[in-house]
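upload07.cif, holding mmCIF, C-alpha atoms:
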```cif
data_coords
loop_
_atom_site.label_atom_id
_atom_site.label_comp_id
_atom_site.auth_asym_id
_atom_site.auth_seq_id
_atom_site.Cartn_x
_atom_site.Cartn_y
_atom_site.Cartn_z
CA MET A 127 -55.68 -19.97 -39.70
CA ASN A 128 -56.73 -17.64 -36.86
CA ALA A 129 -54.48 -16.42 -34.02
CA ARG A 130 -55.70 -19.11 -31.63
CA ASP A 131 -54.98 -21.93 -34.08
CA GLY A 132 -51.56 -20.44 -34.83
CA HIS A 133 -50.77 -20.25 -31.13
CA ARG A 134 -51.89 -23.86 -30.65
CA THR A 135 -49.74 -25.01 -33.58
CA ALA A 136 -46.69 -23.18 -32.15
CA LEU A 137 -47.22 -24.82 -28.76
CA GLN A 138 -47.50 -28.23 -30.41
CA ARG A 139 -44.20 -27.64 -32.22
CA TRP A 140 -42.44 -26.54 -29.03
CA SER A 141 -43.96 -29.51 -27.21
CA ALA A 142 -42.46 -31.87 -29.81
CA ILE A 143 -39.09 -30.11 -29.60
CA HIS A 144 -39.14 -30.27 -25.81
CA LYS A 145 -40.10 -33.94 -25.79
CA TRP A 146 -37.45 -35.13 -28.23
CA THR A 147 -34.59 -32.99 -26.91
CA SER A 148 -35.47 -34.08 -23.37
CA LEU A 149 -35.64 -37.76 -24.28
CA THR A 150 -32.37 -37.50 -26.23
CA CYS A 151 -30.34 -36.08 -23.38
CA THR A 152 -32.06 -37.01 -20.10
CA LEU A 153 -30.20 -40.24 -19.26
CA PHE A 154 -26.82 -38.75 -20.16
CA LEU A 155 -27.67 -35.56 -18.26
CA LEU A 156 -28.46 -37.63 -15.19
CA LEU A 157 -25.00 -39.18 -15.50
CA VAL A 158 -23.40 -35.76 -15.98
CA CYS A 159 -25.26 -34.29 -12.98
CA LEU A 160 -24.43 -37.25 -10.74
CA THR A 161 -20.73 -37.13 -11.64
CA GLY A 162 -20.68 -33.33 -11.53
CA LEU A 163 -21.75 -33.32 -7.87
CA PRO A 164 -18.43 -34.66 -6.45
CA LEU A 165 -16.48 -32.65 -9.04
CA ILE A 166 -17.82 -29.43 -7.50
CA PHE A 167 -15.88 -30.40 -4.38
CA SER A 168 -12.94 -32.00 -6.19
CA GLU A 169 -10.41 -29.66 -4.56
CA GLU A 170 -11.66 -30.48 -1.05
CA ILE A 171 -11.83 -34.21 -1.83
CA GLU A 172 -8.30 -34.30 -3.26
CA GLN A 173 -6.94 -32.41 -0.26
CA GLY A 174 -8.72 -34.77 2.11
CA PHE A 175 -7.17 -37.84 0.50
CA ASP A 176 -3.76 -36.29 -0.26
CA ASP A 177 -1.14 -38.56 1.26
CA GLY A 178 1.81 -36.34 0.36
CA LEU A 179 4.23 -34.97 2.94
CA PRO A 180 3.58 -31.42 4.19
CA ALA A 181 5.82 -28.52 3.24
CA ALA A 182 8.41 -27.41 5.77
CA THR A 183 7.62 -24.53 8.10
CA VAL A 184 10.00 -21.71 7.26
CA PRO A 185 10.34 -18.08 8.38
CA ALA A 186 8.30 -15.53 6.46
CA GLY A 187 10.13 -14.14 3.46
CA THR A 188 12.21 -17.27 2.88
CA PRO A 189 13.07 -17.26 -0.84
CA ALA A 190 12.05 -20.14 -3.09
CA LEU A 191 14.64 -22.40 -4.62
CA SER A 192 15.63 -21.99 -8.25
CA ILE A 193 13.40 -23.79 -10.74
CA ASP A 194 16.57 -25.18 -12.32
CA ARG A 195 17.49 -26.86 -9.06
CA ILE A 196 14.02 -28.37 -8.67
CA VAL A 197 14.10 -29.71 -12.24
CA ALA A 198 17.64 -31.08 -11.78
CA THR A 199 16.49 -32.97 -8.68
CA ALA A 200 13.57 -34.46 -10.62
CA ARG A 201 15.85 -35.51 -13.49
CA GLU A 202 18.15 -37.25 -11.00
CA ARG A 203 15.09 -39.05 -9.66
CA LEU A 204 14.06 -40.17 -13.16
CA PRO A 205 17.23 -40.14 -15.28
CA GLY A 206 16.71 -39.96 -19.03
CA TRP A 207 13.12 -38.78 -18.74
CA THR A 208 11.79 -35.72 -20.58
CA THR A 209 10.71 -32.72 -18.55
CA ASP A 210 7.30 -31.50 -19.70
CA PHE A 211 6.44 -28.67 -17.35
CA VAL A 212 6.53 -27.36 -13.79
CA VAL A 213 3.32 -26.27 -12.03
CA PHE A 214 3.21 -24.01 -8.95
CA ASP A 215 0.48 -24.39 -6.34
CA GLU A 216 -1.62 -21.27 -5.76
CA ASP A 217 -1.88 -21.62 -1.98
CA LYS A 218 1.05 -23.76 -0.87
CA PRO A 219 4.82 -23.66 -1.54
CA TYR A 220 4.71 -26.62 -3.94
CA ALA A 221 6.34 -27.10 -7.32
CA THR A 222 5.21 -30.19 -9.25
CA VAL A 223 7.41 -31.46 -12.08
CA PHE A 224 5.68 -33.44 -14.87
CA MET A 225 7.89 -35.92 -16.76
CA ARG A 226 7.59 -38.59 -19.48
CA PRO A 227 9.93 -41.51 -20.33
CA SER A 228 10.73 -39.84 -23.68
CA ALA A 229 9.63 -36.93 -25.87
CA THR A 230 7.54 -39.31 -28.00
CA ALA A 231 5.84 -41.12 -25.09
CA GLY A 232 2.12 -40.54 -24.61
CA ILE A 233 0.81 -38.35 -21.82
CA GLU A 234 -0.69 -41.45 -20.18
CA THR A 235 2.91 -42.43 -19.24
CA ARG A 236 3.52 -39.15 -17.44
CA ARG A 237 4.63 -39.04 -13.82
CA ARG A 238 4.55 -36.04 -11.56
CA ILE A 239 6.76 -35.30 -8.57
CA ARG A 240 5.87 -32.66 -6.00
CA TYR A 241 8.65 -30.73 -4.26
CA ASP A 242 8.87 -28.27 -1.42
CA LEU A 243 9.75 -24.95 -3.04
CA HIS A 244 11.77 -23.82 -0.03
CA THR A 245 13.75 -26.97 0.78
CA GLY A 246 13.66 -29.00 -2.44
CA ARG A 247 12.42 -32.03 -0.51
CA GLU A 248 10.33 -34.55 -2.46
CA LEU A 249 6.81 -34.56 -1.00
CA LYS A 250 4.96 -36.92 -3.31
CA GLN A 251 5.34 -38.87 -6.55
CA VAL A 252 2.27 -39.80 -8.59
CA LEU A 253 2.56 -42.74 -10.98
CA PRO A 254 1.18 -42.62 -14.55
CA ILE A 255 -2.60 -42.56 -14.97
CA ALA A 256 -2.68 -46.20 -16.08
CA GLN A 257 -1.17 -47.22 -12.73
CA SER A 258 -2.74 -44.70 -10.39
CA ARG A 259 -6.25 -43.91 -11.68
CA GLY A 260 -8.34 -42.99 -8.67
CA VAL A 261 -12.07 -42.63 -8.11
CA MET A 262 -12.02 -38.92 -8.98
CA ASP A 263 -10.17 -39.65 -12.24
CA VAL A 264 -12.93 -42.07 -13.21
CA VAL A 265 -15.64 -39.57 -12.22
CA LEU A 266 -13.95 -36.80 -14.22
CA SER A 267 -13.63 -38.96 -17.32
CA LEU A 268 -17.28 -40.02 -17.12
CA HIS A 269 -18.29 -36.39 -16.77
CA THR A 270 -16.19 -35.04 -19.63
CA ASP A 271 -15.79 -37.73 -22.29
CA LEU A 272 -17.36 -41.08 -21.26
CA PHE A 273 -13.88 -42.67 -21.66
CA ALA A 274 -14.16 -41.97 -25.42
CA GLY A 275 -11.72 -39.08 -25.83
CA LEU A 276 -12.59 -36.32 -28.28
CA ALA A 277 -15.59 -38.22 -29.68
CA GLY A 278 -17.05 -38.48 -26.18
CA GLU A 279 -16.43 -34.79 -25.53
CA LEU A 280 -18.20 -33.75 -28.72
CA PHE A 281 -21.10 -36.10 -27.96
CA LEU A 282 -21.56 -34.66 -24.48
CA GLY A 283 -21.27 -31.18 -25.98
CA GLY A 284 -24.25 -32.08 -28.15
CA VAL A 285 -26.07 -33.32 -25.05
CA GLY A 286 -25.41 -29.98 -23.37
CA LEU A 287 -26.81 -28.15 -26.38
CA CYS A 288 -29.93 -30.36 -26.34
CA PHE A 289 -30.33 -29.53 -22.66
CA VAL A 290 -30.31 -25.79 -23.41
CA VAL A 291 -32.94 -26.27 -26.15
CA ALA A 292 -35.07 -28.45 -23.85
CA THR A 293 -34.86 -25.82 -21.10
CA VAL A 294 -35.89 -22.97 -23.41
CA SER A 295 -38.73 -24.99 -24.96
CA GLY A 296 -39.89 -25.99 -21.48
CA VAL A 297 -40.16 -22.30 -20.52
CA LEU A 298 -42.20 -21.53 -23.63
CA LEU A 299 -44.58 -24.37 -22.74
CA TYR A 300 -44.76 -23.37 -19.08
CA ALA A 301 -45.68 -19.72 -19.77
CA PRO A 302 -49.29 -20.35 -20.95
CA TYR A 303 -49.67 -23.05 -18.32
CA MET A 304 -48.90 -20.47 -15.59
CA ARG A 305 -51.83 -18.30 -16.67
CA LYS A 306 -54.20 -20.95 -15.33
CA LEU A 307 -52.54 -21.52 -11.94
CA ALA A 308 -50.79 -19.40 -9.34
CA PHE A 309 -47.00 -19.64 -9.37
CA GLY A 310 -45.75 -22.51 -7.22
CA THR A 311 -49.05 -24.40 -7.17
CA VAL A 312 -48.60 -28.14 -6.59
CA ARG A 313 -51.85 -30.10 -6.92
CA ASP A 314 -50.93 -32.83 -4.44
CA THR A 315 -54.54 -33.86 -3.75
CA ARG A 316 -55.06 -35.27 -7.23
CA SER A 317 -53.17 -37.95 -9.16
CA PRO A 318 -49.45 -38.64 -8.47
CA ARG A 319 -48.66 -37.85 -12.09
CA LEU A 320 -50.26 -34.39 -11.83
CA LYS A 321 -48.37 -33.72 -8.59
CA TRP A 322 -45.04 -34.63 -10.21
CA LEU A 323 -45.91 -32.55 -13.27
CA ASP A 324 -46.40 -29.48 -11.06
CA LEU A 325 -43.16 -30.21 -9.15
CA HIS A 326 -41.29 -30.77 -12.41
CA ASN A 327 -42.46 -27.42 -13.78
CA LEU A 328 -41.86 -25.54 -10.52
CA LEU A 329 -38.34 -26.86 -9.91
CA GLY A 330 -37.47 -26.39 -13.56
CA ILE A 331 -38.46 -22.72 -13.56
CA VAL A 332 -36.69 -22.08 -10.22
CA THR A 333 -33.40 -23.44 -11.58
CA LEU A 334 -33.90 -21.92 -15.04
CA VAL A 335 -31.01 -19.43 -15.08
CA TRP A 336 -28.58 -21.86 -13.46
CA ALA A 337 -29.55 -24.64 -15.87
CA LEU A 338 -29.03 -22.39 -18.89
CA VAL A 339 -25.63 -21.21 -17.59
CA VAL A 340 -24.39 -24.71 -16.75
CA GLY A 341 -25.74 -26.20 -19.98
CA ALA A 342 -24.22 -23.48 -22.18
CA THR A 343 -20.85 -23.49 -20.38
CA GLY A 344 -20.78 -27.28 -20.46
CA PHE A 345 -21.23 -27.15 -24.22
CA ILE A 346 -18.37 -24.63 -24.52
CA ASN A 347 -16.09 -26.66 -22.26
CA GLU A 348 -16.52 -29.76 -24.40
CA LEU A 349 -15.12 -27.78 -27.34
CA SER A 350 -11.84 -27.04 -25.56
CA LYS A 351 -9.67 -29.40 -27.63
CA PRO A 352 -10.95 -28.19 -31.03
CA LEU A 353 -10.67 -24.56 -29.90
CA PHE A 354 -7.09 -24.95 -28.68
CA GLY A 355 -6.33 -26.88 -31.86
CA LEU A 356 -7.68 -23.98 -33.91
CA TRP A 357 -5.50 -21.57 -31.94
CA GLN A 358 -2.40 -23.70 -32.56
CA LEU A 359 -3.15 -23.89 -36.29
CA THR A 360 -3.64 -20.12 -36.61
CA ASP A 361 -2.06 -17.78 -34.07
CA VAL A 362 0.59 -20.18 -32.73
CA ARG A 363 1.70 -21.20 -36.21
CA THR A 364 2.09 -17.52 -37.13
CA MET A 365 4.19 -16.88 -34.01
CA LEU A 366 6.46 -19.84 -34.79
CA ALA A 367 6.88 -19.00 -38.49
CA PRO A 368 10.30 -17.28 -37.97
CA TYR A 369 11.64 -20.55 -36.50
CA ALA A 370 10.55 -22.74 -39.44
CA GLY A 371 13.28 -25.17 -40.47
CA LYS A 372 15.38 -24.64 -37.34
CA PRO A 373 16.07 -27.69 -35.14
CA PRO A 374 14.52 -27.54 -31.67
CA PRO A 375 17.09 -27.08 -28.88
CA LYS A 376 18.24 -30.07 -26.84
CA PHE A 377 17.74 -30.00 -23.10
CA GLU A 378 21.41 -29.30 -22.44
CA ASP A 379 21.24 -26.27 -24.76
CA LEU A 380 18.31 -24.66 -22.97
CA ALA A 381 18.62 -21.34 -21.20
CA SER A 382 17.88 -21.25 -17.49
CA ALA A 383 14.26 -22.01 -16.66
CA GLN A 384 14.55 -19.68 -13.67
CA ALA A 385 15.81 -16.90 -15.93
CA ALA A 386 12.85 -17.50 -18.25
CA PHE A 387 10.56 -17.27 -15.21
CA ASP A 388 12.15 -13.97 -14.13
CA THR A 389 11.93 -12.57 -17.68
CA ALA A 390 8.23 -13.43 -17.93
CA GLN A 391 7.50 -12.00 -14.47
CA ALA A 392 9.18 -8.74 -15.43
CA ALA A 393 7.06 -8.58 -18.60
CA VAL A 394 3.77 -9.08 -16.68
CA PRO A 395 4.50 -7.85 -13.14
CA THR A 396 0.83 -7.83 -12.08
CA MET A 397 0.29 -11.48 -13.05
CA ARG A 398 1.13 -14.69 -11.18
CA ILE A 399 3.04 -17.38 -13.07
CA THR A 400 1.26 -20.71 -12.65
CA SER A 401 3.45 -23.00 -14.77
CA VAL A 402 6.56 -23.24 -16.95
CA VAL A 403 6.14 -25.44 -20.04
CA PHE A 404 9.41 -26.76 -21.46
CA PRO A 405 10.18 -26.85 -25.21
CA GLY A 406 8.95 -29.97 -26.99
CA ASN A 407 5.80 -30.37 -24.95
CA PRO A 408 2.80 -31.18 -27.22
CA PHE A 409 0.93 -28.22 -25.72
CA GLY A 410 3.79 -25.75 -26.04
CA SER A 411 6.41 -24.57 -28.51
CA PRO A 412 9.45 -26.53 -29.76
CA TYR A 413 11.57 -23.36 -29.44
CA HIS A 414 10.27 -21.59 -26.33
CA PHE A 415 9.56 -21.77 -22.68
CA LEU A 416 5.83 -21.18 -22.42
CA LEU A 417 4.85 -19.57 -19.12
CA TRP A 418 1.17 -19.40 -18.20
CA THR A 419 0.12 -16.48 -16.01
CA GLN A 420 -3.08 -15.40 -14.30
CA GLY A 421 -4.30 -12.24 -12.59
CA ASP A 422 -5.02 -11.62 -8.93
CA THR A 423 -8.63 -10.45 -9.07
CA ALA A 424 -11.83 -12.54 -9.07
CA LEU A 425 -12.14 -12.12 -12.84
CA THR A 426 -8.53 -12.10 -14.05
CA SER A 427 -7.63 -15.10 -11.87
CA ARG A 428 -9.69 -17.14 -14.36
CA LEU A 429 -8.07 -15.59 -17.43
CA PHE A 430 -4.74 -17.19 -18.35
CA SER A 431 -2.22 -15.35 -20.51
CA PRO A 432 0.82 -17.12 -22.01
CA VAL A 433 4.31 -15.60 -22.29
CA LEU A 434 6.87 -16.98 -24.76
CA VAL A 435 10.57 -16.85 -23.86
CA ASP A 436 13.23 -18.00 -26.33
CA ALA A 437 14.51 -21.35 -25.08
CA ARG A 438 18.08 -20.80 -26.29
CA THR A 439 18.68 -17.18 -25.35
CA GLY A 440 16.22 -16.62 -22.51
CA ALA A 441 15.01 -13.41 -24.18
CA LEU A 442 11.37 -12.39 -24.17
CA THR A 443 9.65 -13.28 -27.44
CA THR A 444 6.09 -12.08 -26.83
CA VAL A 445 3.23 -11.76 -24.37
CA VAL A 446 0.47 -13.60 -26.21
CA ARG A 447 -3.00 -12.11 -26.53
CA MET A 448 -5.50 -14.94 -26.37
CA PRO A 449 -8.32 -14.96 -28.97
CA TRP A 450 -11.88 -14.23 -27.87
CA TYR A 451 -13.05 -17.84 -28.16
CA LEU A 452 -10.40 -19.05 -25.70
CA ARG A 453 -11.28 -16.20 -23.34
CA ALA A 454 -14.90 -17.37 -23.50
CA LEU A 455 -13.73 -20.90 -22.75
CA GLU A 456 -11.72 -19.74 -19.72
CA LEU A 457 -14.65 -17.75 -18.34
CA SER A 458 -17.02 -20.67 -18.85
CA ARG A 459 -15.09 -23.06 -16.62
CA PRO A 460 -15.64 -21.40 -13.22
CA LEU A 461 -19.26 -20.68 -14.16
CA HIS A 462 -19.74 -24.36 -14.94
CA PHE A 463 -18.27 -25.74 -11.70
CA GLY A 464 -19.02 -22.79 -9.40
CA ASP A 465 -15.49 -22.78 -7.99
CA TYR A 466 -14.85 -19.02 -8.04
CA GLY A 467 -16.71 -18.08 -4.85
CA GLY A 468 -15.34 -20.51 -2.28
CA LEU A 469 -17.25 -23.16 -0.37
CA PRO A 470 -20.54 -21.19 0.01
CA LEU A 471 -20.98 -20.95 -3.77
CA LYS A 472 -20.02 -24.60 -4.19
CA LEU A 473 -22.78 -25.56 -1.75
CA ILE A 474 -25.27 -23.49 -3.77
CA TRP A 475 -24.08 -25.18 -6.99
CA ALA A 476 -24.47 -28.60 -5.34
CA ALA A 477 -28.03 -27.79 -4.19
CA LEU A 478 -28.99 -26.64 -7.68
CA ASP A 479 -27.39 -29.78 -9.13
CA LEU A 480 -29.49 -31.96 -6.80
CA ILE A 481 -32.66 -30.07 -7.79
CA THR A 482 -31.81 -30.60 -11.46
CA ILE A 483 -31.43 -34.34 -10.82
CA VAL A 484 -34.97 -34.30 -9.36
CA VAL A 485 -36.23 -32.38 -12.44
CA LEU A 486 -34.62 -34.91 -14.79
CA GLY A 487 -35.88 -37.89 -12.78
CA SER A 488 -39.40 -36.48 -12.65
CA GLY A 489 -39.27 -35.93 -16.40
CA VAL A 490 -38.47 -39.61 -16.93
CA TYR A 491 -41.31 -40.58 -14.56
CA LEU A 492 -43.80 -38.34 -16.40
CA TRP A 493 -42.81 -39.77 -19.77
CA VAL A 494 -43.10 -43.39 -18.58
CA SER A 495 -46.44 -42.80 -16.79
CA ARG A 496 -47.90 -41.08 -19.84
CA ARG A 497 -46.95 -44.00 -22.09
CA ARG A 498 -48.55 -46.39 -19.60
CA GLN A 499 -51.73 -44.32 -19.62
CA ARG A 500 -51.85 -44.41 -23.41
CA ALA A 501 -51.21 -48.15 -23.44
CA GLY A 502 -54.00 -48.62 -20.90
CA ARG A 503 -56.45 -46.68 -23.05
CA SER A 504 -55.51 -48.72 -26.12
CA GLU A 505 -56.16 -51.99 -24.31
CA ARG A 506 -59.40 -50.68 -22.86
CA PHE A 507 -60.96 -49.44 -26.06
CA GLY A 508 -59.21 -51.73 -28.53
CA ARG A 509 -56.49 -50.90 -31.00
CA PRO A 510 -57.62 -49.63 -34.39
CA GLY A 511 -57.02 -51.84 -37.40
#
```

As structure tokens, how would this structure be written, given the file I've shared?
Amino acid sequence: MNARDGHRTALQRWSAIHKWTSLTCTLFLLLVCLTGLPLIFSEEIEQGFDDGLPAATVPAGTPALSIDRIVATARERLPGWTTDFVVFDEDKPYATVFMRPSATAGIETRRRIRYDLHTGRELKQVLPIAQSRGVMDVVLSLHTDLFAGLAGELFLGGVGLCFVVATVSGVLLYAPYMRKLAFGTVRDTRSPRLKWLDLHNLLGIVTLVWALVVGATGFINELSKPLFGLWQLTDVRTMLAPYAGKPPPKFEDLASAQAAFDTAQAAVPTMRITSVVFPGNPFGSPYHFLLWTQGDTALTSRLFSPVLVDARTGALTTVVRMPWYLRALELSRPLHFGDYGGLPLKLIWAALDLITIVVLGSGVYLWVSRRRQRAGRSERFGRPG
């Protein structure tokens, strides 16, 4: 086999790979791109439809209320319920308390109550997901798991991987094609199929880097549950080994949540505490307050570091160093949704998303038109056999 035949064989292989990976993932990718468009602006959409009361206007420097007081108010509101965690808003003086009917109740039963951090006034209560699922909840579930839980996440992760392979194979096929035509050429005076082929190739190469980034980070994001599960089975289990056999503390035996907050803040003074997870939460420790922190720079604001504080004594247990694979997961999320550069970057992400929808739609059109052409030739010249 000479060099030309070898090159032709390689192109044929890449053409087959491109065709089958594209056909496998195109329809699902269209769904993911369509649902991803509103998710880029999810923060703005949620704020626009937020019917909660506004926080009180207070003088600058007014101290926040104790977390213990906020939690006590929530427990009076829902007596007998289990406190899961408290989340603090990054931009507004809000503290949201997440609660379940019991420690064994599923997270789908969880309610959340938002309070004014300065006055303790209740601003909004959100009912469990089963009773309050909104349009954005449906869009998010379609985008992440197709309402199929972990199985849906893994399936869409596979779709994301197919998309990356299809993109790379498309570039390898486009390279020799570009030697024959000037970059950006669209032959709009010939057949519609040829025009759409040129547009498909042009738009695909223009969005190449973005498509690879979003496809790869989408694949990583869909592995979040297995990756966190791996972390819990390895590092977290090692950290909790000294507590093996000890009964978890009851709520009335817990140290002050505010004291745990202050202890964690003293341990990581340059970080901002975003949430306090109470003992017994499925995503925390049975024996600790788990406090999630983030930095204050463009990069570190996307990197979350947990701090463990003993739930009985309030003493610092450890500042946890997250493994590399969870760091990669954290960095992939803002790259996937483009939410780290404000509204201008979100608009760029939305434009690239729309272009990708055109690329996917044109790919479907090219595949259908080619099959029609082949069927027409078969009818015209007769089928063999």

Task: Neighbour list for region 444-453 of chain A as a PyMOL selection string, cut-off 8 Å, only C-alpha atoms, skip fewer than 6 positions in-chain - done: chain A and resi 353-354+357+393+429+431-435

List the residues selected by the PyMOL selection byres ((chain A and resi 478-488) around 7) in the file shown, writing them as an mmCIF file with C-alpha atoms, in the coordinates of the input.
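The result, stored in selection-v4.cif:
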```
data_model
loop_
_atom_site.group_PDB
_atom_site.id
_atom_site.type_symbol
_atom_site.label_atom_id
_atom_site.label_comp_id
_atom_site.auth_asym_id
_atom_site.auth_seq_id
_atom_site.Cartn_x
_atom_site.Cartn_y
_atom_site.Cartn_z
ATOM 1 C CA THR A 152 -32.060 -37.010 -20.100
ATOM 2 C CA LEU A 156 -28.460 -37.630 -15.190
ATOM 3 C CA CYS A 159 -25.260 -34.290 -12.980
ATOM 4 C CA LEU A 163 -21.750 -33.320 -7.870
ATOM 5 C CA TRP A 322 -45.040 -34.630 -10.210
ATOM 6 C CA HIS A 326 -41.290 -30.770 -12.410
ATOM 7 C CA LEU A 329 -38.340 -26.860 -9.910
ATOM 8 C CA GLY A 330 -37.470 -26.390 -13.560
ATOM 9 C CA THR A 333 -33.400 -23.440 -11.580
ATOM 10 C CA ILE A 474 -25.270 -23.490 -3.770
ATOM 11 C CA TRP A 475 -24.080 -25.180 -6.990
ATOM 12 C CA ALA A 476 -24.470 -28.600 -5.340
ATOM 13 C CA ALA A 477 -28.030 -27.790 -4.190
ATOM 14 C CA GLY A 489 -39.270 -35.930 -16.400
ATOM 15 C CA VAL A 490 -38.470 -39.610 -16.930
ATOM 16 C CA TYR A 491 -41.310 -40.580 -14.560
ATOM 17 C CA LEU A 492 -43.800 -38.340 -16.400
#
```

- [ ] Enter the distance from CA of Gly464 (chain A) to CA of Leu328 (chain A), in Å, rounded to one decimal.
- [x]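 Between CA of Gly464 (chain A) and CA of Leu328 (chain A) the gap works out to 23.0 Å.
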
Open item on the list: Restricting the calculation to only C-alpha atoms: of A:Thr222, A:Thr360, A:Thr161, A:Ser228, which residue gets closest to Met262 (chain A)?
Closed with: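 That would be A:Thr161, the residue with the smallest distance to Met262 (chain A).
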
Task: CA of Phe377 (chain A) to CA of Arg247 (chain A), distance in Å rounded to a single decimal - done: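 Computing the Euclidean distance for CA of Phe377 (chain A) and CA of Arg247 (chain A) yields 23.3 Å.
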
Open item on the list: For a quick check of your reading of the model, name the residues lying within 12 Å of the coordinate (13.0, -28.6, -1.9), counting only C-alpha atoms, and write them as a PyMOL selection string.
Closed with: chain A and resi 179-182+184+189-200+219-223+239-250
